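Everything on this sheet refers to the single structure shown next.
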Amino acid sequence: MIELPFTANGIITLTTDFGLSDPYAGIMKGVMLARHPLARLVDLTHQVPVFQPRLAGFWLARAWRYFPAGTVHLAVVDPGVGTERAMILMEAAGQVFVAPDNGLLNEVARLAPSGQWRSFTLSDLAHLQLPAPSQTFNGRDIFAPLVAEISANRFPPNQLGQLSDPPLRQVTTSREAGHIIAIDHFGNLITDIDAEHLQQFARPAIQFRGRLIPLHPTYGRAQAGQLLAVVNSWGTLEIALAQGSAALLLAASVGEAVRLVEAQ
Amino acid sequence: MIELPFTANGIITLTTDFGLSDPYAGIMKGVMLARHPLARLVDLTHQVPVFQPRLAGFWLARAWRYFPAGTVHLAVVDPGVGTERAMILMEAAGQVFVAPDNGLLNEVARLAPSGQWRSFTLSDLAHLQLPAPSQTFNGRDIFAPLVAEISANRFPPNQLGQLSDPPLRQVTTSREAGHIIAIDHFGNLITDIDAEHLQQFARPAIQFRGRLIPLHPTYGRAQAGQLLAVVNSWGTLEIALAQGSAALLLAASVGEAVRLVEAQ
Amino acid sequence: MIELPFTANGIITLTTDFGLSDPYAGIMKGVMLARHPLARLVDLTHQVPVFQPRLAGFWLARAWRYFPAGTVHLAVVDPGVGTERAMILMEAAGQVFVAPDNGLLNEVARLAPSGQWRSFTLSDLAHLQLPAPSQTFNGRDIFAPLVAEISANRFPPNQLGQLSDPPLRQVTTSREAGHIIAIDHFGNLITDIDAEHLQQFARPAIQFRGRLIPLHPTYGRAQAGQLLAVVNSWGTLEIALAQGSAALLLAASVGEAVRLVEAQ
């Protein structure tokens with residue numbers, strides 16, 4: 001496969017744990033617009049649970065493919081800000097991802113086609129003439145100006161820092177057994193069991209805490225108040241409560257075990 | 001009245017119950033920008049109480065008139081996603097509204113000038129070459145690409161699906177008696193009593209749970225902590241607490257009865 | 001210093017206490033786009049605690065400098081809406097700030113270079129041909145159209161209303177003693193003690209409720225669960241909990257006293 005050089009389209013997405021009550025995300029947008037006035041800025045979410053880079057990665061890994069080639073994705077969940085932790089850039093499928101090097105992009109790496117990874121530190125950005133960065137807000141001082149320059153096509157991402165190895169992709173073995181890996185705004189319990197495993201079962205159901213939850217084609221086909229398993233829009237199985245919150249009903253948590261089984 | 005053909009201005013508004021902690025709204029924006037890179041996307045709210053299409057309609061019916069002609073409004077509160085429920089498009093006052101056909105647009109229909117209604121299903125969108133939609137996220141798979149095409153002036157809305165009858169407009173009889181129909185971020189209790197009924201009273205007040213709440217010209221004219229009735233910016237009466245939350249003070253709920261009366 | 005005439009760049013920021021569950025902010029954007037279709041609208045925050053103009057000013061005073069010259073900042077936290085309170089415009093450092101005249105801009109005035117202040121009322125806006133404003137939502141009816149006209153370079157801000165005196169800048173005396181002036185999304189306790197006072201101490205610490213909290217270079221250098229003092233990205237001292245919330249751990253409130261001292 002011949003990799004074409006990356007050409008930015010001016011779209012930048014933002015994924016952070018900064019919340020919406022303070023202007024931290026807005027300030028990053030000011031920095032970006034100062035360098036790239038025509039950038040089009042799209043919030044993915046600023047409400048990642050604080051200090052949990054992998055949850056940011058979970059959503060970014062499911063969101064990026066809906067953006068056109070040339071998009072730059074910036075994700076900042078950065079409990080190690082101000083330490084010697086490196087920063088990382090990945091280029092894959094004609095899109096660029098920038099984040100602290102703390103595992104945030106691992107799930108993107110697992111789901112995206114293989115791409116080029118580059119590791120960098122502040123010293124690789126000398127020509128951007130950044131002001132001396134604070135020790136606590138690299139999103140504003142380093143990441144925002146960098147992605148603005150990339151999105152303005154003034155900074156070729158393949159010249160940043162050093163080539164590095166991609167994170168190890170987790171080997172997937174049996175996937176009839178899995179876990180709840182995220183809970184969304186509706187209280188749906190998203191699992192890591194791929195829908196492709198359904199074909200092994202005549203009447204598939206999810207087993208959760210010893211209880212069997214039958215598969216339905218969609219939320220709307222179940223009675224209000226009924227628990228159901230459903231193939232979600234990411235192609236994995238989830239547990240839902242029709243017109244309610246499965247997370248509240250079951251008091252369920254990320255990490256709990258689930259299993260795909262034959263209904264009796 | 002001669003209806004001019006609709007010409008989009010590139011503005012698309014979004015109203016959903018998707019919340020802000022997951023990237024669902026951001027993903028819809030990616031889909032829209034992939035098809036219409038210069039679209040200007042405005043969030044009305046993503047925090048409609050889940051599964052309550054009519055509350056989405058309440059706010060959209062009060063918001064649309066502040067947007068210029070050519071705007072496309074997309075509203076997705078869709079508990080019936082994945083079932084056979086139809087989708088609906090309304091064109092009125094030079095603007096276009098798109099939503100699931102579940103009552104969401106009824107309040108828009110009640111307050112907007114009469115327009116053209118069209119009912120459609122996935123089979124009416126063949127030429128958009130959509131990927132096979134998921135059973136759970138039509139906002140991403142069907143609605144977002146459709147409104148992007150309309151807003152890019154590549155899909156004339158008057159050629160979509162079939163003409164259909166508008167929802168019946170509710171006949172309003174006595175409106176001195178009404179209800180709380182929404183509670184806003186400030187805790188104001190918004191009623192459906194139109195301000196025009198005030199002229200029948202010398203010293204108007206709202207009666208709520210047997211208590212008389214006097215009319216004031218505005219929030220700022222009352223003492224902090226005082227309950228007041230006021231004509232809100234939508235032209236209906238509401239109950240407010242000066243520099244506080246009437247909803248919290250009164251533990252009030254949507255649906256409770258109110259009445260416009262003469263203060264003693 | 002020669003003040004150049006203000007030239008808008010099309011960027012408008014919004015800071016309000018309107019929240020995100022109702023479409024109030026979105027409606028203001030509709031009004032702006034109707035008058036200035038190419039405006040680029042950036043949310044700083046809509047979650048200022050309600051009716052607290054000075055907290056809006058706290059964040060705006062720390063955010064504006066990251067935006068390019070030509071930006072117009074609109075801030076609406078307006079408990080006096082509908083009364084005779086004036087409105088105010090400040091032009092400084094090539095940027096324009098518009099707000100109700102209720103102290104909201106005092107902190108901006110304290111931190112910004114000295115600028116020109118103008119006081120205005122509705123009667124100064126006759127040529128904008130505004131519809132009769134509501135008594136409860138001047139953000140929509142007055143402020144949004146005004147800043148759209150300024151940002152479209154159709155309304156020179158130096159011709160608005162009357163020149164007025166700037167708010168008195170607070171004289172700062174000893175600043176080893178200070179207060180918690182804001183708490184952010186991460187639970188960091190932001191104080192008004194400037195970092196420049198650190199050089200008077202060999203081993204500086206913050207004294208809070210009789211407890212000594214030692215200074216660290218950054219969050220990431222402390223053990224998870226450890227309280228630390230740190231110079232934040234605004235150049236003041238704050239109290240943080242590594243990978244946790246200092247506000248929750250200490251049940252701390254805005255207004256509590258802090259003092260910079262020598263660690264024993």
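Going by the structure tokens order, chains are called A, B, ..., each with residues numbered from 1, while ligands are numbered from 1 in the order shown.
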| request: Using only C-alpha atoms, determine which residues of chain B fall within 8 Å of chain A; present them as number ranges by chain. | output: B: 18-31, 33-34, 50-51, 79-83, 134-137
| message | Quick one: residues within 7 Å of stretch 103-106 of chain C, only C-alpha atoms, excluding same-chain residues fewer than 3 positions away - as a VMD selection string? | response | chain C and resid 53 to 54 56 to 57 99 109 to 110 167
Using only N, CA and C atoms, please write the residues we just selected to a file, as a PDB file, in the first residue's frame.
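The result, written out as part.pdb:
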ATOM      1  N   PRO C  53     -22.113  37.055  38.571  1.00  0.00           N
ATOM      2  CA  PRO C  53     -21.351  37.694  37.493  1.00  0.00           C
ATOM      3  C   PRO C  53     -19.850  37.660  37.716  1.00  0.00           C
ATOM      4  N   ARG C  54     -19.407  37.773  38.985  1.00  0.00           N
ATOM      5  CA  ARG C  54     -17.962  37.864  39.199  1.00  0.00           C
ATOM      6  C   ARG C  54     -17.242  36.560  38.906  1.00  0.00           C
ATOM      7  N   ALA C  56     -18.113  34.622  36.430  1.00  0.00           N
ATOM      8  CA  ALA C  56     -17.937  34.700  34.973  1.00  0.00           C
ATOM      9  C   ALA C  56     -16.717  35.538  34.637  1.00  0.00           C
ATOM     10  N   GLY C  57     -16.576  36.661  35.353  1.00  0.00           N
ATOM     11  CA  GLY C  57     -15.435  37.535  35.106  1.00  0.00           C
ATOM     12  C   GLY C  57     -14.116  36.871  35.444  1.00  0.00           C
ATOM     13  N   ALA C  99     -20.888  43.247  28.289  1.00  0.00           N
ATOM     14  CA  ALA C  99     -21.535  42.584  29.430  1.00  0.00           C
ATOM     15  C   ALA C  99     -22.535  43.536  30.065  1.00  0.00           C
ATOM     16  N   ALA C 109     -10.850  43.907  33.975  1.00  0.00           N
ATOM     17  CA  ALA C 109     -10.201  45.216  34.074  1.00  0.00           C
ATOM     18  C   ALA C 109      -8.932  45.137  34.914  1.00  0.00           C
ATOM     19  N   ARG C 110      -8.967  44.325  35.967  1.00  0.00           N
ATOM     20  CA  ARG C 110      -7.811  44.237  36.852  1.00  0.00           C
ATOM     21  C   ARG C 110      -6.614  43.604  36.158  1.00  0.00           C
ATOM     22  N   PRO C 167     -13.889  50.461  36.192  1.00  0.00           N
ATOM     23  CA  PRO C 167     -14.078  50.131  37.597  1.00  0.00           C
ATOM     24  C   PRO C 167     -12.759  50.325  38.331  1.00  0.00           C
TER      25      PRO C 167
END
| task | Tell me which protein, DNA and RNA residues are within 7 Å of B:Leu163, counting only C-alpha atoms, leaving out same-chain ones fewer than 6 positions away, and put them as a list in words. | result | Trp117, Arg118 and Ser119 of chain B
| field | Å distance separating atom CA of B:Arg209 from atom CA of B:Arg259, one decimal place | value |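 Separation between atom CA of B:Arg209 and atom CA of B:Arg259: 9.6 Å.
Between atom CA of A:Ile190 and atom CA of A:Thr236 the separation is 7.4 Å.
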| said: Quick check for you: according to DSSP on this backbone, which residues of stretch 148-210 of chain A are classed as alpha helix (DSSP H)? Reply as a list in words. | reply: Ala148, Glu149, Ile150 and Ser151 of chain A
| task | Step one, run DSSP on the backbone; step two, keep only residues of stretch 200-229 of chain B assigned to strand (DSSP E); then write them as an NGL selection string. | result | :B and (204-208 or 211-214 or 227-229)
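Of note, atom CA of A:Gly161 and atom CA of A:Ala8 are spaced 18.9 Å apart.
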| said: Which residues are near C:Gln207? Cut-off 8 Å, only C-alpha atoms, ignore same chain within fewer than 6 positions. Put them as a list in words. | reply: Ile213, Val258, Arg259, Leu260 and Val261 of chain C
Please produce a file of those selected residues containing C-alpha atoms, as a PDB file, in the first residue's frame.
ATOM      1  CA  ILE C 213       0.669  21.835  52.089  1.00  0.00           C
ATOM      2  CA  VAL C 258      -4.978  30.626  52.584  1.00  0.00           C
ATOM      3  CA  ARG C 259      -1.484  31.890  53.379  1.00  0.00           C
ATOM      4  CA  LEU C 260       1.937  31.382  51.813  1.00  0.00           C
ATOM      5  CA  VAL C 261       4.417  30.378  54.519  1.00  0.00           C
TER       6      VAL C 261
END
| message | Measuring between only C-alpha atoms, which one of B:Leu89, B:Val108, B:Ala75, B:Ala240 shows the shortest distance to B:Phe58? | response |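 Distance minimum relative to B:Phe58 lands on B:Val108.
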| Exercise: A:Ala252 partners within 9 Å, only C-alpha atoms, chain neighbours under 3 positions left out, as a ChimeraX atom specification | /A:180,183,189,246-249,256
Export, as a PDB file, in the first residue's frame, the selected residues with N, CA and C atoms.
ATOM      1  N   ILE A 180     -17.908  -5.539  30.641  1.00  0.00           N
ATOM      2  CA  ILE A 180     -18.475  -4.210  30.389  1.00  0.00           C
ATOM      3  C   ILE A 180     -17.301  -3.248  30.275  1.00  0.00           C
ATOM      4  N   ILE A 183     -20.063   2.617  29.862  1.00  0.00           N
ATOM      5  CA  ILE A 183     -21.486   2.833  30.133  1.00  0.00           C
ATOM      6  C   ILE A 183     -21.824   4.193  29.541  1.00  0.00           C
ATOM      7  N   LEU A 189     -24.962  -0.752  28.819  1.00  0.00           N
ATOM      8  CA  LEU A 189     -23.718  -1.391  29.247  1.00  0.00           C
ATOM      9  C   LEU A 189     -23.024  -1.963  28.021  1.00  0.00           C
ATOM     10  N   ALA A 246     -30.172   0.642  32.018  1.00  0.00           N
ATOM     11  CA  ALA A 246     -29.700  -0.634  32.544  1.00  0.00           C
ATOM     12  C   ALA A 246     -28.669  -0.416  33.652  1.00  0.00           C
ATOM     13  N   ALA A 247     -27.856   0.620  33.522  1.00  0.00           N
ATOM     14  CA  ALA A 247     -26.825   0.876  34.535  1.00  0.00           C
ATOM     15  C   ALA A 247     -27.455   1.169  35.888  1.00  0.00           C
ATOM     16  N   LEU A 248     -28.538   1.950  35.911  1.00  0.00           N
ATOM     17  CA  LEU A 248     -29.206   2.256  37.172  1.00  0.00           C
ATOM     18  C   LEU A 248     -29.946   1.040  37.702  1.00  0.00           C
ATOM     19  N   LEU A 249     -30.669   0.328  36.818  1.00  0.00           N
ATOM     20  CA  LEU A 249     -31.451  -0.827  37.276  1.00  0.00           C
ATOM     21  C   LEU A 249     -30.554  -1.876  37.913  1.00  0.00           C
ATOM     22  N   GLU A 256     -17.202  -5.390  34.952  1.00  0.00           N
ATOM     23  CA  GLU A 256     -17.916  -6.617  35.325  1.00  0.00           C
ATOM     24  C   GLU A 256     -17.931  -7.603  34.150  1.00  0.00           C
TER      25      GLU A 256
END
| message | If we count only C-alpha atoms and set the cut-off at 7 Å, which residues sit around C:Ala148, ignoring sequence neighbours fewer than 5 positions away in its own chain? Please answer as an NGL selection string. | response | :C and (32 or 35-36)
